[in-house]
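Taking it in order: structure first as structure tokens, then the write-up.
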Amino acid sequence: MDNNAQGGKAYGLLKSHQEEKLNSINEAFLSDSKYADEEDLATKLEMFKKKYMEFDLNDKGDIDMMGLKRMLEKLGLAKTHLELKKMMSEVAGGPSKDTISYHDFLNMMLGKRNAILKLILMFEGMGKEQEQKDAGPPSRKTFSDLP
């Protein structure tokens, strides 16, 4: 029993350490003149950080192939190994990488280049906003609705 708490604690520590690292990268982007005219940059960076952390980050705080795969499966978009590799090289801007760093991720999200992953995340973000608008009172469940 005790063993599990330890794992959770270590995981929490890892996550907060990763978040600190991501925050410092956000700071760098905020003071980068290249993005000075980007609207709501701080808000966007905060959103991108949350999105990035949803991917199962490896111990270096990067998105690896498994993290990308799991995230896309969560979104209902299972991809082949080849497609994942292509997506990763698109984000990293080169075929040799097997992880996506937060820096690469931000460059993708804020840059002009259209990567498949960027389109998926933008689309997913828009889908979420749409859902919130449509969220009226929940419809009553009947027995026939139960799984």
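Simple scheme: letters A, B, ... for chains in structure tokens order, numbers from 1 for residues in each chain, numbers from 1 for ligands in the order shown.
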
query: Per DSSP on the backbone, what are the strand (DSSP E) residues of region 39-133 of chain A, as a PyMOL selection string?
result: chain A and resi 63-64+99-100

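Residues with any atom within 9 Å of Asn23 (chain A), counting only C-alpha atoms and excluding same-chain neighbours fewer than 3 positions away, are Gln18, Glu19, Glu20, Asn26, Glu27, Ala28, Leu45, Glu46 and Lys49 of chain A.
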
query: Which of these, A:Val91, A:Lys97, A:Ser16, A:Ala36, has the shortest distance to Ala115 (chain A) once you count only C-alpha atoms?
result: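 Under the stated criterion, the closest residue is A:Val91.
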
message: I want to know what sits within 9 Å of Met109 (chain A), based on only C-alpha atoms, with residues of the same chain fewer than 4 positions away left out; could you give that as a count of residues only?
response: 9

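With only C-alpha atoms as the basis for measurement, A:Asp98 is the residue among A:Glu124, A:Glu39, A:Asp98, A:Glu83 that approaches Asp62 (chain A) most closely.
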
message: DSSP on the backbone, helix (DSSP H, G or I) only: what residues of chain A does that give? Format it as a PyMOL selection string.
response: chain A and resi 2-30+33-35+41-54+65-74+81-92+102-110+116-134+143-145

- request: Please identify all polymer residues within 12 Å of Lys85 (chain A), counting only C-alpha atoms, omitting same-chain residues fewer than 6 positions from it, and present them as a ChimeraX atom specification.
  value: /A:64-66,68-69,79,91-100,116-117

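Counting from CA of Thr43 (chain A), the distance to CA of Phe55 (chain A) is 19.2 Å.
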
Using only C-alpha atoms: which of A:Met53, A:Leu30, A:Leu82, A:Leu13 has the shortest distance to Tyr102 (chain A):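 Ranking A:Met53, A:Leu30, A:Leu82, A:Leu13 by distance to Tyr102 (chain A), first place goes to A:Met53.
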
query: What is the CA of Asn58 (chain A) to CA of Gly76 (chain A) distance in Å?
result: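 CA of Gly76 (chain A) lies 21.7 Å from CA of Asn58 (chain A).
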